[in-house]
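Asker: Please find protein_23.cif (mmCIF, C-alpha atoms) on the next line:
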data_my_file
#
loop_
_atom_site.group_PDB
_atom_site.id
_atom_site.type_symbol
_atom_site.label_atom_id
_atom_site.label_comp_id
_atom_site.auth_asym_id
_atom_site.auth_seq_id
_atom_site.Cartn_x
_atom_site.Cartn_y
_atom_site.Cartn_z
ATOM 1 C CA MET A 29 0.000 0.000 0.000
ATOM 2 C CA GLN A 30 2.805 2.405 0.929
ATOM 3 C CA ASN A 31 4.692 1.664 -2.296
ATOM 4 C CA GLY A 32 1.501 2.262 -4.249
ATOM 5 C CA MET A 33 0.974 5.661 -2.622
ATOM 6 C CA GLN A 34 4.599 6.590 -3.277
ATOM 7 C CA SER A 35 4.240 5.629 -6.938
ATOM 8 C CA LEU A 36 1.072 7.705 -7.200
ATOM 9 C CA ARG A 37 2.777 10.752 -5.678
ATOM 10 C CA THR A 38 5.724 10.350 -8.054
ATOM 11 C CA PHE A 39 3.362 10.063 -11.034
ATOM 12 C CA TYR A 40 1.524 13.217 -9.948
ATOM 13 C CA ARG A 41 4.802 15.132 -9.592
ATOM 14 C CA GLU A 42 5.914 14.013 -13.066
ATOM 15 C CA ILE A 43 2.621 15.127 -14.641
ATOM 16 C CA ARG A 44 2.866 18.482 -12.861
ATOM 17 C CA VAL A 45 6.376 19.004 -14.236
ATOM 18 C CA VAL A 46 5.259 18.208 -17.800
ATOM 19 C CA ALA A 47 2.356 20.646 -17.488
ATOM 20 C CA LYS A 48 4.676 23.420 -16.307
ATOM 21 C CA GLN A 49 7.086 22.662 -19.145
ATOM 22 C CA CYS A 50 4.258 22.979 -21.658
ATOM 23 C CA LEU A 51 3.421 26.362 -20.134
ATOM 24 C CA ARG A 52 7.127 27.333 -20.303
ATOM 25 C CA ILE A 53 7.230 27.788 -16.540
ATOM 26 C CA GLU A 54 9.729 24.943 -16.087
ATOM 27 C CA PRO A 55 12.828 24.343 -18.241
ATOM 28 C CA LEU A 56 12.861 21.340 -20.547
ATOM 29 C CA VAL A 57 16.303 19.741 -20.450
ATOM 30 C CA LEU A 58 16.514 16.774 -22.797
ATOM 31 C CA ARG A 59 18.577 13.675 -22.182
ATOM 32 C CA GLU A 60 21.171 14.088 -24.931
ATOM 33 C CA LEU A 61 23.307 11.023 -24.347
ATOM 34 C CA SER A 62 21.927 7.548 -23.659
ATOM 35 C CA VAL A 63 24.104 5.415 -21.383
ATOM 36 C CA PRO A 64 23.396 2.703 -18.784
ATOM 37 C CA LEU A 65 22.719 4.365 -15.434
ATOM 38 C CA GLU A 66 22.770 3.504 -11.749
ATOM 39 C CA PHE A 67 21.072 5.481 -8.975
ATOM 40 C CA HIS A 68 22.822 6.602 -5.788
ATOM 41 C CA GLY A 69 21.242 8.288 -2.770
ATOM 42 C CA ASN A 70 17.568 8.604 -1.914
ATOM 43 C CA ASP A 71 14.471 10.409 -3.213
ATOM 44 C CA TYR A 72 15.473 13.573 -1.363
ATOM 45 C CA CYS A 73 19.137 13.620 -2.280
ATOM 46 C CA GLY A 74 19.977 11.301 -5.151
ATOM 47 C CA TRP A 75 21.306 11.243 -8.690
ATOM 48 C CA SER A 76 21.776 8.661 -11.425
ATOM 49 C CA ILE A 77 25.256 8.406 -12.904
ATOM 50 C CA PRO A 78 26.706 6.285 -15.733
ATOM 51 C CA ALA A 79 26.994 2.701 -14.517
ATOM 52 C CA ASN A 80 30.391 1.658 -13.144
ATOM 53 C CA SER A 81 31.878 5.040 -14.009
ATOM 54 C CA LEU A 82 33.929 5.363 -10.820
ATOM 55 C CA GLN A 83 36.547 3.309 -8.994
ATOM 56 C CA ALA A 84 38.425 3.362 -5.705
ATOM 57 C CA THR A 85 40.921 5.959 -6.927
ATOM 58 C CA SER A 86 38.269 8.308 -8.339
ATOM 59 C CA VAL A 87 38.222 11.904 -7.103
ATOM 60 C CA VAL A 88 34.725 12.785 -5.884
ATOM 61 C CA VAL A 89 33.660 16.203 -4.590
ATOM 62 C CA ASP A 90 30.297 16.736 -2.872
ATOM 63 C CA VAL A 91 29.447 20.443 -2.582
ATOM 64 C CA GLY A 92 26.516 21.092 -0.274
ATOM 65 C CA LEU A 93 26.361 18.236 2.216
ATOM 66 C CA GLY A 94 23.449 19.408 4.356
ATOM 67 C CA GLU A 95 22.271 16.675 6.698
ATOM 68 C CA ASP A 96 21.872 14.013 4.038
ATOM 69 C CA VAL A 97 24.981 12.371 2.629
ATOM 70 C CA SER A 98 23.156 9.345 1.231
ATOM 71 C CA PHE A 99 24.516 10.091 -2.242
ATOM 72 C CA SER A 100 28.126 10.173 -1.079
ATOM 73 C CA ARG A 101 27.598 7.201 1.224
ATOM 74 C CA SER A 102 26.283 5.143 -1.670
ATOM 75 C CA LEU A 103 29.318 6.014 -3.810
ATOM 76 C CA ILE A 104 31.678 5.166 -0.948
ATOM 77 C CA ASP A 105 29.925 1.853 -0.315
ATOM 78 C CA LYS A 106 29.974 0.734 -3.952
ATOM 79 C CA PHE A 107 33.313 2.055 -5.196
ATOM 80 C CA ASN A 108 35.297 2.246 -1.939
ATOM 81 C CA CYS A 109 36.319 5.759 -2.970
ATOM 82 C CA ARG A 110 37.002 8.869 -0.904
ATOM 83 C CA VAL A 111 34.600 11.827 -1.069
ATOM 84 C CA HIS A 112 35.593 15.419 -0.332
ATOM 85 C CA GLY A 113 32.587 17.216 1.160
ATOM 86 C CA PHE A 114 32.248 21.015 1.210
ATOM 87 C CA ASP A 115 29.720 22.909 3.345
ATOM 88 C CA PRO A 116 30.037 26.072 5.496
ATOM 89 C CA THR A 117 26.729 25.544 7.303
ATOM 90 C CA PRO A 118 27.169 24.987 11.077
ATOM 91 C CA ARG A 119 24.591 22.204 11.272
ATOM 92 C CA ALA A 120 25.993 20.463 8.206
ATOM 93 C CA ILE A 121 29.513 20.639 9.656
ATOM 94 C CA SER A 122 28.313 19.195 12.959
ATOM 95 C CA TYR A 123 26.419 16.445 11.150
ATOM 96 C CA ALA A 124 29.370 15.471 8.963
ATOM 97 C CA LYS A 125 31.691 15.312 11.958
ATOM 98 C CA SER A 126 29.211 13.131 13.847
ATOM 99 C CA LEU A 127 29.384 10.527 11.091
ATOM 100 C CA ALA A 128 33.042 9.802 11.868
ATOM 101 C CA CYS A 129 33.456 8.453 8.335
ATOM 102 C CA ASP A 130 37.105 8.360 7.270
ATOM 103 C CA SER A 131 36.100 8.173 3.611
ATOM 104 C CA LEU A 132 34.170 11.463 3.835
ATOM 105 C CA VAL A 133 36.698 14.288 4.125
ATOM 106 C CA LEU A 134 35.081 17.481 5.420
ATOM 107 C CA HIS A 135 36.081 20.927 4.159
ATOM 108 C CA GLU A 136 34.356 23.736 6.055
ATOM 109 C CA PHE A 137 34.039 26.049 3.057
ATOM 110 C CA GLY A 138 31.382 27.032 0.587
ATOM 111 C CA VAL A 139 32.041 26.841 -3.156
ATOM 112 C CA SER A 140 31.196 29.730 -5.460
ATOM 113 C CA ALA A 141 32.372 31.717 -8.456
ATOM 114 C CA THR A 142 35.476 33.053 -6.705
ATOM 115 C CA THR A 143 37.448 32.648 -3.499
ATOM 116 C CA GLY A 144 36.706 35.090 -0.690
ATOM 117 C CA ALA A 145 34.473 35.942 2.252
ATOM 118 C CA ALA A 146 30.711 36.296 1.868
ATOM 119 C CA THR A 147 27.529 36.696 3.851
ATOM 120 C CA PHE A 148 25.703 33.392 4.230
ATOM 121 C CA TYR A 149 21.974 33.522 4.910
ATOM 122 C CA LEU A 150 20.753 30.867 7.315
ATOM 123 C CA PRO A 151 17.237 29.357 7.027
ATOM 124 C CA ASN A 152 14.453 31.244 8.798
ATOM 125 C CA ASP A 153 13.086 27.916 10.050
ATOM 126 C CA GLU A 154 15.723 26.765 12.530
ATOM 127 C CA SER A 155 14.692 23.142 11.997
ATOM 128 C CA HIS A 156 16.032 23.398 8.427
ATOM 129 C CA VAL A 157 19.679 23.086 7.484
ATOM 130 C CA SER A 158 20.076 24.616 4.016
ATOM 131 C CA GLY A 159 21.360 28.175 3.984
ATOM 132 C CA SER A 160 22.164 30.206 0.901
ATOM 133 C CA LEU A 161 24.347 32.970 -0.479
ATOM 134 C CA ILE A 162 21.132 34.299 -2.032
ATOM 135 C CA PRO A 163 18.737 36.293 0.232
ATOM 136 C CA GLU A 164 15.517 34.514 -0.738
ATOM 137 C CA GLN A 165 12.319 34.754 1.325
ATOM 138 C CA HIS A 166 12.962 31.564 3.305
ATOM 139 C CA VAL A 167 16.442 32.626 4.477
ATOM 140 C CA GLY A 168 18.058 35.734 5.898
ATOM 141 C CA ARG A 169 16.710 36.431 9.373
ATOM 142 C CA ARG A 170 19.983 34.985 10.614
ATOM 143 C CA ARG A 171 23.278 35.335 8.805
ATOM 144 C CA MET A 172 26.957 34.626 9.209
ATOM 145 C CA GLU A 173 30.228 35.226 7.404
ATOM 146 C CA VAL A 174 31.673 32.247 5.545
ATOM 147 C CA ARG A 175 34.745 31.509 3.495
ATOM 148 C CA LEU A 176 34.186 30.533 -0.139
ATOM 149 C CA LEU A 177 36.466 28.753 -2.585
ATOM 150 C CA GLY A 178 36.479 29.060 -6.354
ATOM 151 C CA MET A 179 37.030 25.891 -8.370
ATOM 152 C CA GLN A 180 40.777 26.343 -8.681
ATOM 153 C CA ASP A 181 41.119 26.583 -4.909
ATOM 154 C CA VAL A 182 38.819 23.574 -4.503
ATOM 155 C CA LEU A 183 41.331 21.547 -6.504
ATOM 156 C CA ARG A 184 44.146 22.884 -4.348
ATOM 157 C CA ALA A 185 42.235 22.048 -1.159
ATOM 158 C CA ILE A 186 41.736 18.417 -2.169
ATOM 159 C CA GLY A 187 45.216 18.060 -3.651
ATOM 160 C CA ALA A 188 44.053 16.925 -7.089
ATOM 161 C CA ASP A 189 44.372 18.147 -10.662
ATOM 162 C CA HIS A 190 40.949 16.842 -11.714
ATOM 163 C CA VAL A 191 37.550 15.758 -10.396
ATOM 164 C CA ASP A 192 35.931 12.566 -11.660
ATOM 165 C CA LEU A 193 32.551 13.475 -10.167
ATOM 166 C CA LEU A 194 31.414 16.873 -8.906
ATOM 167 C CA LYS A 195 28.075 17.130 -7.097
ATOM 168 C CA VAL A 196 26.702 20.644 -6.644
ATOM 169 C CA ASP A 197 23.725 21.528 -4.450
ATOM 170 C CA ILE A 198 24.373 25.095 -3.321
ATOM 171 C CA GLU A 199 20.936 26.668 -3.081
ATOM 172 C CA GLY A 200 20.928 29.012 -6.044
ATOM 173 C CA ALA A 201 24.633 29.857 -6.159
ATOM 174 C CA GLU A 202 25.123 27.246 -8.893
ATOM 175 C CA TYR A 203 24.242 29.798 -11.584
ATOM 176 C CA ASP A 204 27.085 32.150 -10.688
ATOM 177 C CA LEU A 205 29.412 29.173 -10.263
ATOM 178 C CA LEU A 206 28.768 27.797 -13.759
ATOM 179 C CA ALA A 207 29.073 31.248 -15.350
ATOM 180 C CA SER A 208 32.371 31.985 -13.600
ATOM 181 C CA VAL A 209 35.737 32.227 -15.290
ATOM 182 C CA GLU A 210 37.169 29.720 -12.806
ATOM 183 C CA PHE A 211 34.566 27.050 -13.554
ATOM 184 C CA ARG A 212 35.081 27.447 -17.280
ATOM 185 C CA ALA A 213 38.838 27.108 -16.798
ATOM 186 C CA CYS A 214 38.449 23.974 -14.664
ATOM 187 C CA ALA A 215 35.658 22.375 -16.736
ATOM 188 C CA PRO A 216 38.030 20.246 -18.871
ATOM 189 C CA ARG A 217 39.170 18.568 -15.648
ATOM 190 C CA ILE A 218 35.656 17.584 -14.501
ATOM 191 C CA GLY A 219 34.268 14.244 -15.678
ATOM 192 C CA LEU A 220 30.728 14.043 -14.284
ATOM 193 C CA LEU A 221 28.551 16.830 -12.917
ATOM 194 C CA CYS A 222 25.556 16.085 -10.695
ATOM 195 C CA ILE A 223 23.711 19.328 -10.013
ATOM 196 C CA GLU A 224 20.504 20.655 -8.518
ATOM 197 C CA PHE A 225 19.057 23.751 -10.190
ATOM 198 C CA HIS A 226 16.873 26.200 -8.269
ATOM 199 C CA HIS A 227 14.832 27.747 -11.090
ATOM 200 C CA ARG A 228 11.739 27.715 -8.866
ATOM 201 C CA TRP A 229 13.226 30.469 -6.729
ATOM 202 C CA SER A 230 11.858 33.931 -7.495
ATOM 203 C CA THR A 231 15.398 35.258 -7.978
ATOM 204 C CA TYR A 232 15.985 32.984 -10.984
ATOM 205 C CA GLY A 233 13.201 31.275 -12.909
ATOM 206 C CA ARG A 234 13.213 29.030 -15.963
ATOM 207 C CA ASP A 235 15.598 31.096 -18.076
ATOM 208 C CA ALA A 236 18.407 30.920 -15.514
ATOM 209 C CA THR A 237 18.535 27.130 -15.862
ATOM 210 C CA VAL A 238 18.228 27.326 -19.650
ATOM 211 C CA ARG A 239 21.279 29.610 -19.732
ATOM 212 C CA ALA A 240 23.206 27.402 -17.287
ATOM 213 C CA VAL A 241 22.566 24.278 -19.370
ATOM 214 C CA GLN A 242 23.746 26.113 -22.484
ATOM 215 C CA ILE A 243 26.973 27.036 -20.689
ATOM 216 C CA LEU A 244 27.492 23.361 -19.903
ATOM 217 C CA ARG A 245 26.773 22.331 -23.501
ATOM 218 C CA ASP A 246 29.291 24.891 -24.757
ATOM 219 C CA LEU A 247 31.853 23.321 -22.412
ATOM 220 C CA GLY A 248 31.137 19.821 -23.742
ATOM 221 C CA PHE A 249 28.762 18.576 -21.027
ATOM 222 C CA LEU A 250 25.690 16.623 -22.159
ATOM 223 C CA CYS A 251 22.743 15.585 -20.017
ATOM 224 C CA VAL A 252 22.471 11.848 -19.357
ATOM 225 C CA TRP A 253 19.824 11.959 -16.600
ATOM 226 C CA ARG A 254 17.225 14.223 -15.051
ATOM 227 C CA SER A 255 14.743 13.665 -12.266
ATOM 228 C CA LYS A 256 11.351 13.494 -13.978
ATOM 229 C CA ALA A 257 9.596 13.979 -10.636
ATOM 230 C CA SER A 258 11.401 17.140 -9.499
ATOM 231 C CA ASN A 259 12.992 18.499 -12.700
ATOM 232 C CA GLU A 260 15.691 19.914 -10.449
ATOM 233 C CA GLU A 261 18.387 17.216 -10.269
ATOM 234 C CA PHE A 262 20.472 16.554 -13.393
ATOM 235 C CA THR A 263 23.595 14.620 -14.374
ATOM 236 C CA PHE A 264 25.926 15.775 -17.139
ATOM 237 C CA VAL A 265 28.871 13.961 -18.721
ATOM 238 C CA ASN A 266 31.882 15.847 -20.041
ATOM 239 C CA THR A 267 32.095 14.340 -23.526
ATOM 240 C CA ARG A 268 35.308 16.189 -24.329
ATOM 241 C CA ARG A 269 37.058 14.557 -21.395
ATOM 242 C CA ILE A 270 35.794 11.146 -22.531
ATOM 243 C CA ALA A 271 36.934 11.865 -26.082
ATOM 244 C CA HIS A 272 40.457 12.469 -24.856
ATOM 245 C CA GLY A 273 40.452 9.251 -22.852
ATOM 246 C CA LYS A 274 40.707 10.960 -19.472
#
For the file at hand, write its structure as structure tokens.
Answerer:
Amino acid sequence: MQNGMQSLRTFYREIRVVAKQCLRIEPLVLRELSVPLEFHGNDYCGWSIPANSLQATSVVVDVGLGEDVSFSRSLIDKFNCRVHGFDPTPRAISYAKSLACDSLVLHEFGVSATTGAATFYLPNDESHVSGSLIPEQHVGRRRMEVRLLGMQDVLRAIGADHVDLLKVDIEGAEYDLLASVEFRACAPRIGLLCIEFHHRWSTYGRDATVRAVQILRDLGFLCVWRSKASNEEFTFVNTRRIAHGK
């Protein structure tokens, strides 16, 4: 009975997304490359990636840990790899430390277009964990100063010259990140990108995601998966990196 109700809710969410796409309220991002996929994480925090695309030596970066690391945990469990997690949020830092997981390396920084200090807006509802660099309606009554890293300094922090999989869930700041000079410079060194877009926020809207996806296409990234139920989570493969055998 529970599975049936879950399936019904998922079906309803998918129909709602299609309706909004027809009305041009939601972006329509097509799956441009068909490859076998495997799902990691849960319904709240999960992405599909190309099957068997990682290994124990793979470099994985999870930006925006929150209080759900099911995606990273699943990758660690299957591939026995190490994951570098980035999050400046106090609750997320406390949560990550409580896990005492040697394979999840915590970096207490945010990731954005450039390196530097910034104001971070904490959620108005103190039971929530996700803050933002963007002062939307649901954040901002409380704020703090955080340290941000651009992509080049992310690579320095983890001691790597490339990233096999980069997951980005940074509450709206993904648009500035993708448009940044640093991301464009580092893009050839990124293999897979799992990202959550926040086009439903009033600050952005459909066109912000359309522009972001075009940036990724111009850099050689093609969509291999999207969440039909949320239309927010997407996975892109860097075809230029594959073409060069990297």
Asker: Just checking: using only C-alpha atoms, which residue out of A:Phe264, A:Met179, A:Asp246, A:Ala257 ends up closest to A:Leu36?
Answerer: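 Smallest separation from A:Leu36 among the options: A:Ala257.
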Asker: Just the residues within 8 Å of A:Gly219, please, counting only C-alpha atoms, with nothing from its chain fewer than 6 positions along; format it as a ChimeraX atom specification.
Answerer: /A:191-194,265-266,269-270
Asker: Take the PyMOL selection byres ((chain A and resi 114-117) around 9), apply it to the structure above, and return the hits as a PyMOL selection string.
Answerer: chain A and resi 89-94+112-113+118-122+133-139+148+150+157-159+174-176+198
Asker: For the selection just defined, write its residues with C-alpha atoms to a file, as a tab-separated table (two decimals), in the frame of the given file.
Answerer:
chain	number	residue	atom	x	y	z
A	89	VAL	CA	33.66	16.20	-4.59
A	90	ASP	CA	30.30	16.74	-2.87
A	91	VAL	CA	29.45	20.44	-2.58
A	92	GLY	CA	26.52	21.09	-0.27
A	93	LEU	CA	26.36	18.24	2.22
A	94	GLY	CA	23.45	19.41	4.36
A	112	HIS	CA	35.59	15.42	-0.33
A	113	GLY	CA	32.59	17.22	1.16
A	118	PRO	CA	27.17	24.99	11.08
A	119	ARG	CA	24.59	22.20	11.27
A	120	ALA	CA	25.99	20.46	8.21
A	121	ILE	CA	29.51	20.64	9.66
A	122	SER	CA	28.31	19.20	12.96
A	133	VAL	CA	36.70	14.29	4.12
A	134	LEU	CA	35.08	17.48	5.42
A	135	HIS	CA	36.08	20.93	4.16
A	136	GLU	CA	34.36	23.74	6.06
A	137	PHE	CA	34.04	26.05	3.06
A	138	GLY	CA	31.38	27.03	0.59
A	139	VAL	CA	32.04	26.84	-3.16
A	148	PHE	CA	25.70	33.39	4.23
A	150	LEU	CA	20.75	30.87	7.32
A	157	VAL	CA	19.68	23.09	7.48
A	158	SER	CA	20.08	24.62	4.02
A	159	GLY	CA	21.36	28.18	3.98
A	174	VAL	CA	31.67	32.25	5.54
A	175	ARG	CA	34.74	31.51	3.50
A	176	LEU	CA	34.19	30.53	-0.14
A	198	ILE	CA	24.37	25.10	-3.32
Asker: Suppose you want the space between atom CA of A:Leu56 and atom CA of A:Pro163; what is it in Å?
Answerer: 26.3 Å
Asker: Give as a ChimeraX atom specification each residue that has an atom at most 10 Å from (28.6, 7.2, -17.5) in the file, counting all atoms listed in the file.
Answerer: /A:61-66,76-82,219-220,252,263-267,270
Asker: Distance atom CA of A:Gly187-atom CA of A:Cys109, one decimal place?
Answerer: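 Between atom CA of A:Gly187 and atom CA of A:Cys109 the gap works out to 15.2 Å.
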Asker: Which residue, A:Leu206, A:Lys195, A:Asp71, A:Leu221, has the smallest gap to A:Gln34 when you use only C-alpha atoms?
Answerer: A:Asp71
Asker: Could you please give me, as a list in words, the residues of protein, DNA or RNA lying at most 7 Å from (11.9, 29.2, -18.0) in the coordinate frame of the file, considering all atoms listed in the file?
Answerer: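 The residues near that point, listed by chain and number, are Arg52, Ile53, Glu54, Pro55, Gly233, Arg234, Asp235 and Val238 of chain A.
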Asker: Give me, as a list in words, all polymer residues having an atom no more than 12 Å from A:Arg184, counting all atoms listed in the file and skipping those fewer than 6 positions away in the same chain.
Answerer: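 Near A:Arg184, the qualifying residues are His135, Thr143, Leu177, Gly178, His190, Val191 and Cys214 of chain A.
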Asker: If I take atom CA of A:Phe99 and atom CA of A:Asp181, how far is one from the other in Å, to one decimal?
Answerer: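 Taking atom CA of A:Phe99 as the start and atom CA of A:Asp181 as the end point, the length is 23.6 Å.
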Asker: Using only C-alpha atoms, which protein or nucleic acid residues come within 9 Å of A:Leu58? Drop anything in the same chain fewer than 4 positions from it, and give the result as a count of residues only.
Answerer: 4
